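A.B. asks: Sharing data13.pdb (PDB, C-alpha atoms) below.
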```
ATOM      1  CA  MET A  20      72.115  23.948-114.191
ATOM      2  CA  LEU A  21      74.089  20.741-114.821
ATOM      3  CA  PRO A  22      72.870  17.984-117.145
ATOM      4  CA  GLU A  23      70.643  15.182-115.819
ATOM      5  CA  THR A  24      72.479  13.378-113.031
ATOM      6  CA  VAL A  25      72.896   9.831-111.824
ATOM      7  CA  SER A  26      73.941   8.554-108.405
ATOM      8  CA  ASP A  27      77.335   6.881-107.903
ATOM      9  CA  GLY A  28      75.911   4.693-105.130
ATOM     10  CA  ASN A  29      77.435   6.699-102.286
ATOM     11  CA  GLY A  30      74.866   9.453-102.140
ATOM     12  CA  ASN A  31      76.764  11.585-104.635
ATOM     13  CA  GLU A  32      75.387  12.662-107.979
ATOM     14  CA  ARG A  33      77.214  13.194-111.234
ATOM     15  CA  PRO A  34      76.178  13.995-114.810
ATOM     16  CA  SER A  35      74.928  11.016-116.778
ATOM     17  CA  ILE A  36      77.417   9.698-119.319
ATOM     18  CA  LEU A  37      74.549   9.742-121.837
ATOM     19  CA  ASP A  38      74.823  13.526-121.861
ATOM     20  CA  LEU A  39      78.198  13.185-123.566
ATOM     21  CA  GLU A  40      76.378  12.514-126.811
ATOM     22  CA  THR A  41      75.819  16.283-126.954
ATOM     23  CA  PHE A  42      79.478  17.117-126.307
ATOM     24  CA  PRO A  43      80.585  19.419-129.123
ATOM     25  CA  SER A  44      83.110  18.386-131.743
ATOM     26  CA  VAL A  45      84.858  20.411-134.414
ATOM     27  CA  SER A  46      83.203  18.522-137.238
ATOM     28  CA  GLN A  47      79.670  18.493-135.799
ATOM     29  CA  ASP A  48      78.234  21.219-133.601
ATOM     30  CA  VAL A  49      80.956  23.878-133.551
ATOM     31  CA  VAL A  50      81.906  26.236-136.372
ATOM     32  CA  ILE A  51      85.206  27.908-135.526
ATOM     33  CA  ASP A  52      86.040  31.400-136.745
ATOM     34  CA  SER A  53      89.595  31.550-135.361
ATOM     35  CA  VAL A  54      91.998  30.022-132.838
ATOM     36  CA  THR A  55      94.635  32.256-131.248
ATOM     37  CA  SER A  56      97.401  30.652-129.184
ATOM     38  CA  SER A  57      99.638  32.748-126.958
ATOM     39  CA  VAL A  58     101.421  33.223-123.644
ATOM     40  CA  ASP A  59      98.844  34.543-121.170
ATOM     41  CA  PHE A  60     100.900  34.946-117.992
ATOM     42  CA  LEU A  61     104.584  35.054-117.083
ATOM     43  CA  THR A  62     106.402  35.557-113.782
ATOM     44  CA  ILE A  63     110.185  35.959-113.787
ATOM     45  CA  THR A  64     112.720  36.844-111.107
ATOM     46  CA  VAL A  65     116.316  38.067-111.141
ATOM     47  CA  THR A  66     118.919  38.180-108.368
ATOM     48  CA  ASN A  67     122.011  39.266-110.314
ATOM     49  CA  PRO A  68     122.554  43.036-109.764
ATOM     50  CA  GLY A  69     123.404  43.684-113.398
ATOM     51  CA  LYS A  70     120.381  41.819-114.725
ATOM     52  CA  SER A  71     118.208  43.489-112.097
ATOM     53  CA  VAL A  72     119.104  46.871-113.558
ATOM     54  CA  LEU A  73     118.287  45.646-117.074
ATOM     55  CA  LEU A  74     114.956  44.201-115.934
ATOM     56  CA  MET A  75     113.935  47.451-114.255
ATOM     57  CA  GLN A  76     114.929  49.349-117.405
ATOM     58  CA  GLU A  77     112.717  47.025-119.463
ATOM     59  CA  ALA A  78     109.875  47.624-117.003
ATOM     60  CA  GLN A  79     110.289  51.383-117.411
ATOM     61  CA  ARG A  80     110.242  51.027-121.194
ATOM     62  CA  LEU A  81     107.001  49.045-121.128
ATOM     63  CA  LYS A  82     105.557  51.445-118.552
ATOM     64  CA  GLY A  83     106.160  54.353-120.921
ATOM     65  CA  ASP A  84     104.425  52.532-123.778
ATOM     66  CA  LEU A  85     101.411  51.718-121.606
ATOM     67  CA  GLU A  86     101.145  55.248-120.219
ATOM     68  CA  GLY A  87     101.100  56.449-123.817
ATOM     69  CA  CYS A  88      98.005  54.285-124.312
ATOM     70  CA  GLY A  89      96.255  55.942-121.374
ATOM     71  CA  TRP A  90      96.945  53.414-118.591
ATOM     72  CA  LYS A  91      97.640  54.648-115.056
ATOM     73  CA  VAL A  92     100.365  53.453-112.691
ATOM     74  CA  LYS A  93      99.421  52.136-109.241
ATOM     75  CA  LYS A  94     101.510  51.007-106.289
ATOM     76  CA  TRP A  95     101.879  47.235-106.006
ATOM     77  CA  GLY A  96     103.498  44.695-103.711
ATOM     78  CA  MET A  97     103.719  40.920-103.194
ATOM     79  CA  LYS A  98     105.803  38.539-101.063
ATOM     80  CA  GLY A  99     108.124  41.307 -99.914
ATOM     81  CA  TYR A 100     108.475  42.903-103.335
ATOM     82  CA  ALA A 101     107.525  46.579-103.527
ATOM     83  CA  GLY A 102     106.826  48.213-106.851
ATOM     84  CA  TYR A 103     104.159  49.269-109.306
ATOM     85  CA  ARG A 104     101.458  47.937-111.583
ATOM     86  CA  ILE A 105     100.094  49.192-114.888
ATOM     87  CA  ALA A 106      97.679  47.367-117.223
ATOM     88  CA  GLY A 107      98.919  43.753-117.399
ATOM     89  CA  MET A 108     102.399  44.368-115.966
ATOM     90  CA  ALA A 109     103.670  44.447-112.388
ATOM     91  CA  TRP A 110     107.266  44.858-111.279
ATOM     92  CA  GLY A 111     109.134  45.424-108.064
ATOM     93  CA  MET A 112     112.232  44.960-105.925
ATOM     94  CA  ARG A 113     113.184  43.486-102.564
ATOM     95  CA  HIS A 114     116.478  42.849-100.779
ATOM     96  CA  ASP A 115     117.401  39.800-102.875
ATOM     97  CA  GLY A 116     116.354  40.838-106.373
ATOM     98  CA  CYS A 117     113.608  41.898-108.762
ATOM     99  CA  ILE A 118     110.382  40.484-110.142
ATOM    100  CA  MET A 119     108.282  41.095-113.258
ATOM    101  CA  MET A 120     104.806  39.739-113.936
ATOM    102  CA  LEU A 121     103.074  39.983-117.317
ATOM    103  CA  SER A 122      99.496  38.997-118.073
ATOM    104  CA  GLY A 123      97.029  39.077-120.942
ATOM    105  CA  GLN A 124      98.043  41.068-124.006
ATOM    106  CA  ASP A 125     101.176  42.352-122.279
ATOM    107  CA  ALA A 126     102.338  38.769-121.775
ATOM    108  CA  ALA A 127     101.441  37.775-125.340
ATOM    109  CA  VAL A 128     103.507  40.630-126.804
ATOM    110  CA  ASN A 129     106.414  41.001-124.347
ATOM    111  CA  TRP A 130     107.116  37.497-122.990
ATOM    112  CA  LEU A 131     110.238  36.915-125.099
ATOM    113  CA  PRO A 132     112.157  40.137-124.237
ATOM    114  CA  ALA A 133     111.306  39.610-120.569
ATOM    115  CA  LEU A 134     112.338  35.974-120.652
ATOM    116  CA  ALA A 135     115.722  36.905-122.110
ATOM    117  CA  LEU A 136     116.472  38.739-118.833
ATOM    118  CA  ALA A 137     115.105  36.072-116.468
ATOM    119  CA  GLU A 138     117.209  33.988-114.127
ATOM    120  CA  ASN A 139     114.203  32.066-112.877
ATOM    121  CA  VAL A 140     110.697  31.489-114.244
ATOM    122  CA  THR A 141     108.143  30.663-111.564
ATOM    123  CA  ARG A 142     104.977  30.653-113.661
ATOM    124  CA  VAL A 143     103.953  30.555-117.307
ATOM    125  CA  ASP A 144     100.375  30.233-118.603
ATOM    126  CA  LEU A 145      99.590  29.154-122.166
ATOM    127  CA  ALA A 146      96.218  29.804-123.766
ATOM    128  CA  ALA A 147      94.248  28.863-126.856
ATOM    129  CA  THR A 148      91.339  31.246-127.481
ATOM    130  CA  VAL A 149      88.617  29.865-129.729
ATOM    131  CA  ALA A 150      86.221  32.306-131.420
ATOM    132  CA  LEU A 151      83.076  30.683-132.824
ATOM    133  CA  GLU A 152      80.921  31.821-135.737
ATOM    134  CA  LYS A 153      77.801  31.064-133.700
ATOM    135  CA  PRO A 154      77.378  30.496-129.959
ATOM    136  CA  PHE A 155      77.828  27.112-128.319
ATOM    137  CA  ILE A 156      76.859  27.610-124.699
ATOM    138  CA  ASN A 157      77.851  24.424-122.889
ATOM    139  CA  VAL A 158      81.500  23.751-123.768
ATOM    140  CA  ALA A 159      82.774  23.967-120.164
ATOM    141  CA  LYS A 160      79.725  22.166-118.739
ATOM    142  CA  MET A 161      80.087  19.252-121.135
ATOM    143  CA  ALA A 162      83.851  19.139-120.585
ATOM    144  CA  TYR A 163      83.227  18.693-116.869
ATOM    145  CA  ALA A 164      80.579  16.015-117.483
ATOM    146  CA  ARG A 165      82.910  14.144-119.772
ATOM    147  CA  ALA A 166      85.874  14.321-117.420
ATOM    148  CA  ILE A 167      84.139  12.996-114.309
ATOM    149  CA  THR A 168      82.403  10.142-116.150
ATOM    150  CA  ASP A 169      85.389   8.987-118.223
ATOM    151  CA  PRO A 170      85.433   5.181-117.752
ATOM    152  CA  GLU A 171      89.165   5.015-118.540
ATOM    153  CA  ARG A 172      90.233   7.272-115.683
ATOM    154  CA  CYS A 173      92.446   5.548-113.144
ATOM    155  CA  GLN A 174      90.159   4.896-110.182
ATOM    156  CA  CYS A 175      92.990   4.755-107.657
ATOM    157  CA  LYS A 176      94.250   8.285-108.280
ATOM    158  CA  ARG A 177      91.450  10.672-109.215
ATOM    159  CA  ARG A 178      92.273  14.090-110.552
ATOM    160  CA  LYS A 179      90.319  17.025-109.180
ATOM    161  CA  TYR A 180      87.689  18.579-111.465
ATOM    162  CA  SER A 181      85.232  21.359-110.665
ATOM    163  CA  TYR A 182      82.612  23.421-112.438
ATOM    164  CA  VAL A 183      81.231  26.891-111.663
ATOM    165  CA  GLU A 184      78.991  29.509-113.250
ATOM    166  CA  ASN A 185      79.319  33.203-112.489
ATOM    167  CA  SER A 186      76.466  35.686-112.091
ATOM    168  CA  ALA A 187      76.666  36.551-115.797
ATOM    169  CA  GLY A 188      76.153  32.919-116.794
ATOM    170  CA  GLY A 189      79.781  32.370-117.763
ATOM    171  CA  GLN A 190      80.902  28.754-117.342
ATOM    172  CA  THR A 191      84.294  27.535-116.106
ATOM    173  CA  CYS A 192      85.653  23.998-115.794
ATOM    174  CA  TYR A 193      88.778  23.598-113.634
ATOM    175  CA  ILE A 194      91.177  20.663-114.003
ATOM    176  CA  GLY A 195      93.585  19.952-111.167
ATOM    177  CA  SER A 196      94.461  21.934-108.050
ATOM    178  CA  ARG A 197      95.475  25.603-107.923
ATOM    179  CA  ILE A 198      98.393  24.746-105.642
ATOM    180  CA  SER A 199      99.827  22.090-107.981
ATOM    181  CA  ASP A 200     102.510  22.823-110.585
ATOM    182  CA  GLN A 201     100.058  22.435-113.482
ATOM    183  CA  PHE A 202      96.450  23.526-113.564
ATOM    184  CA  GLY A 203      93.936  23.879-116.390
ATOM    185  CA  ARG A 204      90.716  25.757-116.996
ATOM    186  CA  ILE A 205      88.158  26.090-119.769
ATOM    187  CA  TYR A 206      85.939  29.142-119.596
ATOM    188  CA  ASP A 207      83.676  31.472-121.535
ATOM    189  CA  LYS A 208      86.105  34.334-122.195
ATOM    190  CA  GLY A 209      83.344  36.669-123.336
ATOM    191  CA  LEU A 210      81.656  36.304-119.927
ATOM    192  CA  GLU A 211      84.740  36.066-117.733
ATOM    193  CA  SER A 212      83.008  38.480-115.383
ATOM    194  CA  GLU A 213      79.672  40.277-115.361
ATOM    195  CA  LYS A 214      81.402  43.646-115.198
ATOM    196  CA  ASP A 215      83.712  43.002-118.161
ATOM    197  CA  ALA A 216      81.385  40.957-120.386
ATOM    198  CA  CYS A 217      82.477  41.577-123.970
ATOM    199  CA  ALA A 218      80.581  38.996-126.047
ATOM    200  CA  SER A 219      77.411  36.956-126.139
ATOM    201  CA  PRO A 220      77.472  33.688-124.146
ATOM    202  CA  GLY A 221      79.240  30.829-125.886
ATOM    203  CA  LEU A 222      81.061  32.824-128.581
ATOM    204  CA  ILE A 223      84.617  32.911-127.181
ATOM    205  CA  TRP A 224      86.092  29.940-125.326
ATOM    206  CA  ARG A 225      89.474  29.940-123.636
ATOM    207  CA  TYR A 226      91.588  26.842-122.886
ATOM    208  CA  GLU A 227      94.349  27.741-120.420
ATOM    209  CA  VAL A 228      97.110  25.738-118.762
ATOM    210  CA  GLU A 229      99.094  27.169-115.858
ATOM    211  CA  PHE A 230     102.586  25.787-115.239
ATOM    212  CA  LYS A 231     104.580  26.609-112.117
ATOM    213  CA  SER A 232     107.840  25.646-110.444
ATOM    214  CA  TYR A 233     110.269  23.470-112.424
ATOM    215  CA  ARG A 234     107.781  22.877-115.244
ATOM    216  CA  ALA A 235     107.425  26.614-115.839
ATOM    217  CA  LYS A 236     111.170  27.169-116.107
ATOM    218  CA  LYS A 237     111.752  24.113-118.293
ATOM    219  CA  LEU A 238     108.925  25.013-120.662
ATOM    220  CA  ALA A 239     109.860  28.708-120.866
ATOM    221  CA  ARG A 240     113.429  27.918-121.866
ATOM    222  CA  GLN A 241     112.242  25.543-124.591
ATOM    223  CA  MET A 242     109.872  28.220-125.899
ATOM    224  CA  GLU A 243     112.696  30.745-125.896
ATOM    225  CA  VAL A 244     114.851  28.449-128.037
ATOM    226  CA  SER A 245     111.982  27.876-130.487
ATOM    227  CA  ALA A 246     111.256  31.597-130.719
ATOM    228  CA  LYS A 247     114.850  32.453-131.479
ATOM    229  CA  ALA A 248     114.971  29.785-134.182
ATOM    230  CA  GLU A 249     111.680  30.692-135.856
ATOM    231  CA  THR A 250     109.086  32.814-134.092
ATOM    232  CA  GLU A 251     106.203  31.415-136.165
ATOM    233  CA  THR A 252     106.557  27.967-134.586
ATOM    234  CA  VAL A 253     105.749  29.228-131.071
ATOM    235  CA  ALA A 254     102.015  29.760-131.639
ATOM    236  CA  ASP A 255     101.681  26.300-133.184
ATOM    237  CA  GLY A 256     103.699  24.846-130.319
ATOM    238  CA  ILE A 257     101.377  26.464-127.761
ATOM    239  CA  ASN A 258      98.322  25.197-129.660
ATOM    240  CA  HIS A 259      99.767  21.675-129.761
ATOM    241  CA  LEU A 260     100.733  21.603-126.085
ATOM    242  CA  VAL A 261      97.420  23.029-124.833
ATOM    243  CA  TYR A 262      95.414  20.661-127.039
ATOM    244  CA  ASN A 263      97.268  17.574-125.850
ATOM    245  CA  TRP A 264      97.309  18.639-122.195
ATOM    246  CA  PHE A 265      93.496  18.654-122.116
ATOM    247  CA  ARG A 266      93.178  15.594-124.343
ATOM    248  CA  ALA A 267      95.400  13.598-121.980
ATOM    249  CA  ARG A 268      92.990  14.446-119.155
ATOM    250  CA  GLY A 269      89.893  13.143-120.899
ATOM    251  CA  ILE A 270      88.771  16.459-122.422
ATOM    252  CA  PRO A 271      89.379  16.743-126.189
ATOM    253  CA  PRO A 272      89.245  20.473-127.040
ATOM    254  CA  ILE A 273      86.785  21.809-129.592
ATOM    255  CA  PHE A 274      89.631  23.109-131.779
ATOM    256  CA  ASN A 275      91.958  21.024-133.943
ATOM    257  CA  ASP A 276      95.498  20.117-132.964
ATOM    258  CA  ALA A 277      98.164  22.026-134.888
ATOM    259  CA  PRO A 278     101.084  19.620-135.451
ATOM    260  CA  ALA A 279     104.184  21.592-134.525
ATOM    261  CA  ASP A 280     107.904  21.279-135.181
ATOM    262  CA  THR A 281     108.535  21.944-131.498
ATOM    263  CA  ASP A 282     109.386  19.155-129.054
ATOM    264  CA  TRP A 283     108.524  20.898-125.793
ATOM    265  CA  ILE A 284     108.535  18.579-122.787
ATOM    266  CA  VAL A 285     106.925  19.590-119.503
ATOM    267  CA  GLU A 286     107.259  16.262-117.698
ATOM    268  CA  LEU A 287     110.626  15.717-116.017
ATOM    269  CA  GLU A 288     109.446  12.302-114.912
ATOM    270  CA  ALA A 289     106.628  10.049-116.024
ATOM    271  CA  ARG A 290     104.323   9.098-113.174
ATOM    272  CA  ILE A 291     102.746   6.050-114.788
ATOM    273  CA  THR A 292     100.356   4.031-112.617
ATOM    274  CA  ASP A 293      98.728   1.546-114.996
ATOM    275  CA  ASP A 294      98.759   0.248-118.577
ATOM    276  CA  GLU A 295      96.103   2.695-119.779
ATOM    277  CA  ALA A 296      98.033   5.645-118.384
ATOM    278  CA  SER A 297     101.247   4.339-119.962
ATOM    279  CA  LEU A 298      99.639   4.039-123.390
ATOM    280  CA  ASN A 299      98.090   7.491-123.053
ATOM    281  CA  TRP A 300     101.461   8.973-122.122
ATOM    282  CA  LEU A 301     103.093   7.354-125.153
ATOM    283  CA  THR A 302     100.356   8.701-127.424
ATOM    284  CA  VAL A 303     100.552  12.278-126.173
ATOM    285  CA  GLN A 304     104.237  12.724-125.323
ATOM    286  CA  VAL A 305     106.144  10.329-127.587
ATOM    287  CA  ARG A 306     104.185   9.630-130.777
ATOM    288  CA  PRO A 307     104.460  13.151-132.306
ATOM    289  CA  SER A 308     108.278  13.089-132.064
ATOM    290  CA  VAL A 309     108.464   9.537-133.413
ATOM    291  CA  ALA A 310     106.228  10.469-136.358
ATOM    292  CA  ARG A 311     108.495  13.390-137.307
ATOM    293  CA  LEU A 312     111.621  11.230-137.143
ATOM    294  CA  LEU A 313     110.029   8.490-139.243
ATOM    295  CA  LYS A 314     109.007  11.095-141.812
ATOM    296  CA  ARG A 315     112.688  12.073-142.067
ATOM    297  CA  GLY A 316     113.689   8.483-142.766
ATOM    298  CA  ARG A 317     115.298   7.733-139.404
ATOM    299  CA  GLU A 318     113.358   4.561-138.682
ATOM    300  CA  ALA A 319     116.356   2.466-137.610
ATOM    301  CA  GLU A 320     117.529   5.155-135.177
ATOM    302  CA  VAL A 321     114.026   5.445-133.683
ATOM    303  CA  PHE A 322     113.866   1.701-132.997
ATOM    304  CA  GLU A 323     117.345   1.760-131.477
ATOM    305  CA  ALA A 324     116.521   4.747-129.254
ATOM    306  CA  LEU A 325     113.370   2.998-127.991
ATOM    307  CA  GLY A 326     115.204  -0.270-127.434
ATOM    308  CA  ILE A 327     113.016  -2.100-129.939
ATOM    309  CA  HIS A 328     114.748  -4.911-131.785
ATOM    310  CA  ILE A 329     113.006  -6.368-134.800
ATOM    311  CA  VAL A 330     113.684 -10.084-135.206
ATOM    312  CA  PRO A 331     113.079 -11.331-138.767
ATOM    313  CA  THR A 332     110.530 -14.126-139.111
ATOM    314  CA  LYS A 333     110.702 -16.941-141.620
ATOM    315  CA  ALA A 334     108.357 -15.009-143.885
ATOM    316  CA  ASP A 335     110.843 -12.121-143.950
ATOM    317  CA  VAL A 336     113.761 -14.294-145.069
ATOM    318  CA  VAL A 337     114.165 -14.818-148.772
ATOM    319  CA  GLU A 338     116.188 -17.885-149.674
ATOM    320  CA  THR A 339     118.935 -17.317-152.220
TER     321      THR A 339
END
```
If you convert what's in this file into structure tokens, what do you get?
C.D. replies:
Amino acid sequence: MLPETVSDGNGNERPSILDLETFPSVSQDVVIDSVTSSVDFLTITVTNPGKSVLLMQEAQRLKGDLEGCGWKVKKWGMKGYAGYRIAGMAWGMRHDGCIMMLSGQDAAVNWLPALALAENVTRVDLAATVALEKPFINVAKMAYARAITDPERCQCKRRKYSYVENSAGGQTCYIGSRISDQFGRIYDKGLESEKDACASPGLIWRYEVEFKSYRAKKLARQMEVSAKAETETVADGINHLVYNWFRARGIPPIFNDAPADTDWIVELEARITDDEASLNWLTVQVRPSVARLLKRGREAEVFEALGIHIVPTKADVVET
């Protein structure tokens, strides 16, 4: 049941903004045991015959490992591809190439070897999984209440938010549209489904962002570069990106941001509609990079790159 509601004047009801006083924060109501950041889903395709052979060989290698763990192979197909599925991996072929899909633990462990063979990346999901020391039941519910009552949201271009509870009592808040090229969700991972419930309500919360199309490919290639340079930075980069993605949409996560050395960019263009949105975009997308450059003593270059010219005032001039 949602928090106490108020009418918006058009016959619709929405949670009262007063309920946001109970929204959890890291320093107040929530005691975090751990935060794990990882790739949760990856879809890649290949058309080159040589790379297709290599991708199918990689699929067979992973298949053997999974069969050794007791998983069974099943037939699988999608969009003209015909192949097989085992655990969190699916792979197949059609007349113009091959496909591989990885999800869950299989994506978290095998995303980099798979990505090295990819010609195209059509989807990548990033996740931050927050395990709490004691349950906090209403994280998704309060996230939804906060998002739809945010007074700073641009009224002329509303983002889609929705909230559902499953039969096990597991909460999910959705941000955006499933058909768009970026889509977020916050849900009780321990109660993802009644059949597979693995924890008490409110103990494990998952923040997920799904990127598709050009954003998926651009992000995946940046992650690949970071991983090859220093694998340890990838988890922090995922944490940082997921945190700021939700924060930019009016939903500060319950976990802390992990400042990362990565400069992953998922926006190819900035769709700025008003001053508030512009300032928010600068805060989320630009400020972290500027802060790192300033820390390295490159202040003059930062100002030049931003087109900011400092004109000395009379107080700055010392007469000699």
A.B. asks: Which residue out of A:Thr168, A:Thr62, A:Asn157, A:Gln201 has the minimum interatomic distance to Val143 of chain A when only C-alpha atoms are used?
C.D. replies: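 Closest candidate: A:Thr62.
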A.B. asks: Find the spatial neighbours of Gly102 of chain A, counting all atoms listed in the file, within a cut-off of 12 Å - ignore same-chain residues fewer than 2 positions away - and output them as a PyMOL selection string.
C.D. replies: chain A and resi 75+78-79+92-100+104-105+108-113+117-120
A.B. asks: To test your reading of the syntax: which residues would the PyMOL selection byres ((chain A and resi 270) around 9) return for the file shown? Reply as a PDB file with C-alpha atoms, in the frame of the given file.
C.D. replies:
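Result file result_2.pdb:
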```
ATOM      1  CA  ALA A 162      83.851  19.139-120.585  1.00  0.00           C
ATOM      2  CA  TYR A 163      83.227  18.693-116.869  1.00  0.00           C
ATOM      3  CA  ARG A 165      82.910  14.144-119.772  1.00  0.00           C
ATOM      4  CA  ALA A 166      85.874  14.321-117.420  1.00  0.00           C
ATOM      5  CA  TRP A 264      97.309  18.639-122.195  1.00  0.00           C
ATOM      6  CA  PHE A 265      93.496  18.654-122.116  1.00  0.00           C
ATOM      7  CA  ARG A 266      93.178  15.594-124.343  1.00  0.00           C
ATOM      8  CA  ALA A 267      95.400  13.598-121.980  1.00  0.00           C
ATOM      9  CA  ARG A 268      92.990  14.446-119.155  1.00  0.00           C
ATOM     10  CA  GLY A 269      89.893  13.143-120.899  1.00  0.00           C
ATOM     11  CA  PRO A 271      89.379  16.743-126.189  1.00  0.00           C
ATOM     12  CA  PRO A 272      89.245  20.473-127.040  1.00  0.00           C
TER      13      PRO A 272
END
```
A.B. asks: To one decimal place, how far is atom CA of Asp144 of chain A from atom CA of Asp255 of chain A in Å?
C.D. replies: 15.2 Å
A.B. asks: Set the distance at 8 Å and use all atoms listed in the file: which residues neighbour Val65 of chain A once local chain neighbours fewer than 4 positions away are removed? I'd like the list as a list in words.
C.D. replies: Lys70, Ser71, Leu74, Gly116, Cys117, Ile118, Leu136, Ala137, Glu138 and Asn139 of chain A
A.B. asks: Spell out the residues picked by the PyMOL selection byres ((chain A and resi 125) around 10) here, as a ChimeraX atom specification.
C.D. replies: /A:58-61,81,85,106-108,120-124,126-130
